[in-house]
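Encoded as structure tokens, the structure appears first; notes follow it.
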Amino acid sequence: MRIRLDDNQQDINRLWDAWTGCLHDHGVPAGSKPVANSPALKACELKYPLQPVELDPARNPRYGDGVRAMVKCMNGHGIKSVVSDGNWGLVSGDSMNLPDFDKYKVECQVKSFSGSG
């Protein structure tokens with residue numbers, strides 16, 4: 001499964017829950033990491049949540065522009081963000097607790113990386 005650019009954190013969590021549930025159904029205890037090349041990993045391979053193509057620097061030639069636009073958009077909503085090692089990041093993890101953080105993150109992500117920003 002591929003995570004969509006406009007998925008919110010609840011949508012993303014559902015995808016991860018489906019993958020970990022599949023692993024559990026195939027014998028991987030909850031909270032454990034599956035062994036590399038295990039039958040459980042093979043059985044659940046198609047449920048593994050992949051990042052949106054737009055957020056892959058190797059596949060998006062405008063990724064750097066998107067990062068800078070994302071930082072500008074987040075800062076515009078009062079969520080202090082910076083460019084760090086070619087990616088965007090929060091100045092403080094506490095920002096994730098701000099009201100409407102998830103809403104603004106999704107809004108800025110779509111605007112910044114979809115080519116419409």
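Numbering starts fresh at 1 for the residues of each chain in the structure tokens, the chains themselves are lettered A, B, ... in the order given, and ligands are numbered from 1 as they appear.
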
Go through region 14-70 of chain A and flag each residue having an atom no more than 12 Å from region 89-92 of chain A; for those, report the closest pair of atoms plus their distance in Å to one decimal, using only C-alpha atoms, ordered by chain and rising number, as a Markdown table.
```
| residue | atom | partner | partner_atom | distance |
| --- | --- | --- | --- | --- |
| A:Val67 | CA | A:Gly89 | CA | 9.2 |
| A:Arg68 | CA | A:Gly89 | CA | 10.6 |
| A:Met70 | CA | A:Gly89 | CA | 9.4 |
```

Give me a file of those residues, with all heavy atoms, as a compact mmCIF listing (two decimals), in the first residue's frame.
```
# COMPACT_ATOMS: atom_id res chain seq x y z
N VAL A 67 10.45 20.81 -0.02
CA VAL A 67 10.92 20.93 1.37
C VAL A 67 10.89 22.39 1.80
O VAL A 67 10.37 22.73 2.87
CB VAL A 67 12.34 20.34 1.53
CG1 VAL A 67 12.95 20.75 2.86
CG2 VAL A 67 12.31 18.83 1.39
N ARG A 68 11.44 23.27 0.97
CA ARG A 68 11.46 24.69 1.32
C ARG A 68 10.04 25.25 1.41
O ARG A 68 9.73 26.03 2.31
CB ARG A 68 12.31 25.47 0.31
CG ARG A 68 13.81 25.18 0.47
CD ARG A 68 14.67 26.00 -0.47
NE ARG A 68 14.52 25.62 -1.87
CZ ARG A 68 15.09 24.55 -2.43
NH1 ARG A 68 15.86 23.76 -1.71
NH2 ARG A 68 14.90 24.29 -3.71
N MET A 70 7.37 23.54 2.19
CA MET A 70 6.77 22.95 3.37
C MET A 70 7.15 23.74 4.62
O MET A 70 6.31 24.05 5.46
CB MET A 70 7.22 21.48 3.50
CG MET A 70 6.65 20.74 4.67
SD MET A 70 4.92 20.34 4.39
CE MET A 70 4.58 19.38 5.86
```

ask   = Which neighbours of Lys103 (chain A) fall inside 10 Å, counting only C-alpha atoms, when residues of the same chain fewer than 2 positions from it are skipped, and could you give them as a list in words?
value =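 These residues fall inside the cut-off: Asp6, Asp7, Asn8, Gln9, Pro99, Asp100, Phe101, Lys105, Val106, Glu107, Cys108 and Gln109 of chain A.
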
message = Please return, as a PyMOL selection string, all residues of chain A that DSSP assigns to helix (DSSP H, G or I) on the basis of the backbone.
response = chain A and resi 9-25+39-47+53-55+63-76+93-97+101-113

Å distance separating CA of Val82 (chain A) from CA of Asp94 (chain A), one decimal place =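 Calculated distance between CA of Val82 (chain A) and CA of Asp94 (chain A) is 14.4 Å.
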
request  = Can you work out which one of A:Asp56, A:Arg2, A:Trp19, A:Ser81 has the shortest atom-to-atom distance to Leu41 (chain A), counting only C-alpha atoms?
outcome  = A:Trp19

task = Mind checking which residues fall within 9 Å of Lys111 (chain A), counting only C-alpha atoms, ignoring those fewer than 6 positions away in the same chain, and posting them as a VMD selection string?
result = chain A and resid 66 69 to 70 73 117

Could you write out, as a PDB file with all heavy atoms, in the first residue's frame, all the residues of region 26-112 of chain A that DSSP marks as strand (DSSP E or B)?
```pdb
ATOM      1  N   LEU A  50       4.043   2.260   2.048  1.00  0.00           N
ATOM      2  CA  LEU A  50       5.132   2.983   1.391  1.00  0.00           C
ATOM      3  C   LEU A  50       4.840   4.474   1.423  1.00  0.00           C
ATOM      4  O   LEU A  50       3.684   4.897   1.319  1.00  0.00           O
ATOM      5  CB  LEU A  50       5.262   2.523  -0.060  1.00  0.00           C
ATOM      6  CG  LEU A  50       5.557   1.048  -0.267  1.00  0.00           C
ATOM      7  CD1 LEU A  50       5.438   0.697  -1.750  1.00  0.00           C
ATOM      8  CD2 LEU A  50       6.932   0.688   0.270  1.00  0.00           C
ATOM      9  N   SER A  81       9.410  25.347  11.840  1.00  0.00           N
ATOM     10  CA  SER A  81      10.018  24.282  11.057  1.00  0.00           C
ATOM     11  C   SER A  81      11.285  24.801  10.391  1.00  0.00           C
ATOM     12  O   SER A  81      11.444  26.006  10.190  1.00  0.00           O
ATOM     13  CB  SER A  81       9.035  23.792   9.989  1.00  0.00           C
ATOM     14  OG  SER A  81       7.844  23.349  10.583  1.00  0.00           O
ATOM     15  N   VAL A  82      12.170  23.868  10.043  1.00  0.00           N
ATOM     16  CA  VAL A  82      13.443  24.211   9.410  1.00  0.00           C
ATOM     17  C   VAL A  82      13.781  23.169   8.343  1.00  0.00           C
ATOM     18  O   VAL A  82      13.250  22.060   8.350  1.00  0.00           O
ATOM     19  CB  VAL A  82      14.598  24.250  10.438  1.00  0.00           C
ATOM     20  CG1 VAL A  82      14.416  25.382  11.427  1.00  0.00           C
ATOM     21  CG2 VAL A  82      14.746  22.924  11.150  1.00  0.00           C
ATOM     22  N   VAL A  83      14.679  23.555   7.452  1.00  0.00           N
ATOM     23  CA  VAL A  83      15.277  22.600   6.524  1.00  0.00           C
ATOM     24  C   VAL A  83      16.471  22.013   7.255  1.00  0.00           C
ATOM     25  O   VAL A  83      17.322  22.740   7.773  1.00  0.00           O
ATOM     26  CB  VAL A  83      15.727  23.275   5.213  1.00  0.00           C
ATOM     27  CG1 VAL A  83      16.459  22.296   4.324  1.00  0.00           C
ATOM     28  CG2 VAL A  83      14.538  23.896   4.493  1.00  0.00           C
ATOM     29  N   SER A  84      16.536  20.686   7.314  1.00  0.00           N
ATOM     30  CA  SER A  84      17.616  20.000   8.020  1.00  0.00           C
ATOM     31  C   SER A  84      18.056  18.793   7.206  1.00  0.00           C
ATOM     32  O   SER A  84      17.245  17.896   6.938  1.00  0.00           O
ATOM     33  CB  SER A  84      17.130  19.568   9.409  1.00  0.00           C
ATOM     34  OG  SER A  84      18.108  18.816  10.072  1.00  0.00           O
ATOM     35  N   ASN A  87      15.865  17.783   4.299  1.00  0.00           N
ATOM     36  CA  ASN A  87      14.472  17.456   4.604  1.00  0.00           C
ATOM     37  C   ASN A  87      13.891  18.554   5.486  1.00  0.00           C
ATOM     38  O   ASN A  87      14.614  19.385   5.999  1.00  0.00           O
ATOM     39  CB  ASN A  87      14.385  16.107   5.335  1.00  0.00           C
ATOM     40  CG  ASN A  87      14.886  14.982   4.481  1.00  0.00           C
ATOM     41  OD1 ASN A  87      14.374  14.744   3.401  1.00  0.00           O
ATOM     42  ND2 ASN A  87      15.910  14.283   4.940  1.00  0.00           N
ATOM     43  N   TRP A  88      12.577  18.516   5.696  1.00  0.00           N
ATOM     44  CA  TRP A  88      11.977  19.472   6.607  1.00  0.00           C
ATOM     45  C   TRP A  88      11.852  18.810   7.963  1.00  0.00           C
ATOM     46  O   TRP A  88      11.719  17.598   8.073  1.00  0.00           O
ATOM     47  CB  TRP A  88      10.632  19.988   6.090  1.00  0.00           C
ATOM     48  CG  TRP A  88       9.465  19.092   6.356  1.00  0.00           C
ATOM     49  CD1 TRP A  88       9.064  18.051   5.574  1.00  0.00           C
ATOM     50  CD2 TRP A  88       8.582  19.134   7.461  1.00  0.00           C
ATOM     51  NE1 TRP A  88       7.972  17.451   6.129  1.00  0.00           N
ATOM     52  CE2 TRP A  88       7.651  18.090   7.300  1.00  0.00           C
ATOM     53  CE3 TRP A  88       8.470  19.947   8.588  1.00  0.00           C
ATOM     54  CZ2 TRP A  88       6.629  17.848   8.206  1.00  0.00           C
ATOM     55  CZ3 TRP A  88       7.454  19.703   9.492  1.00  0.00           C
ATOM     56  CH2 TRP A  88       6.549  18.667   9.300  1.00  0.00           C
ATOM     57  N   GLY A  89      11.949  19.634   8.992  1.00  0.00           N
ATOM     58  CA  GLY A  89      11.802  19.118  10.347  1.00  0.00           C
ATOM     59  C   GLY A  89      11.243  20.183  11.260  1.00  0.00           C
ATOM     60  O   GLY A  89      11.215  21.370  10.928  1.00  0.00           O
ATOM     61  N   LEU A  90      10.779  19.731  12.403  1.00  0.00           N
ATOM     62  CA  LEU A  90      10.240  20.641  13.412  1.00  0.00           C
ATOM     63  C   LEU A  90      11.365  21.143  14.300  1.00  0.00           C
ATOM     64  O   LEU A  90      12.294  20.390  14.612  1.00  0.00           O
ATOM     65  CB  LEU A  90       9.206  19.920  14.271  1.00  0.00           C
ATOM     66  CG  LEU A  90       7.974  19.403  13.538  1.00  0.00           C
ATOM     67  CD1 LEU A  90       7.150  18.507  14.449  1.00  0.00           C
ATOM     68  CD2 LEU A  90       7.142  20.554  13.014  1.00  0.00           C
TER      69      LEU A  90
END
```

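Ranking A:Met1, A:Pro61, A:Lys80, A:Ile12 by their shortest atom-to-atom distance to Leu46 (chain A), with only C-alpha atoms included, puts A:Met1 first.
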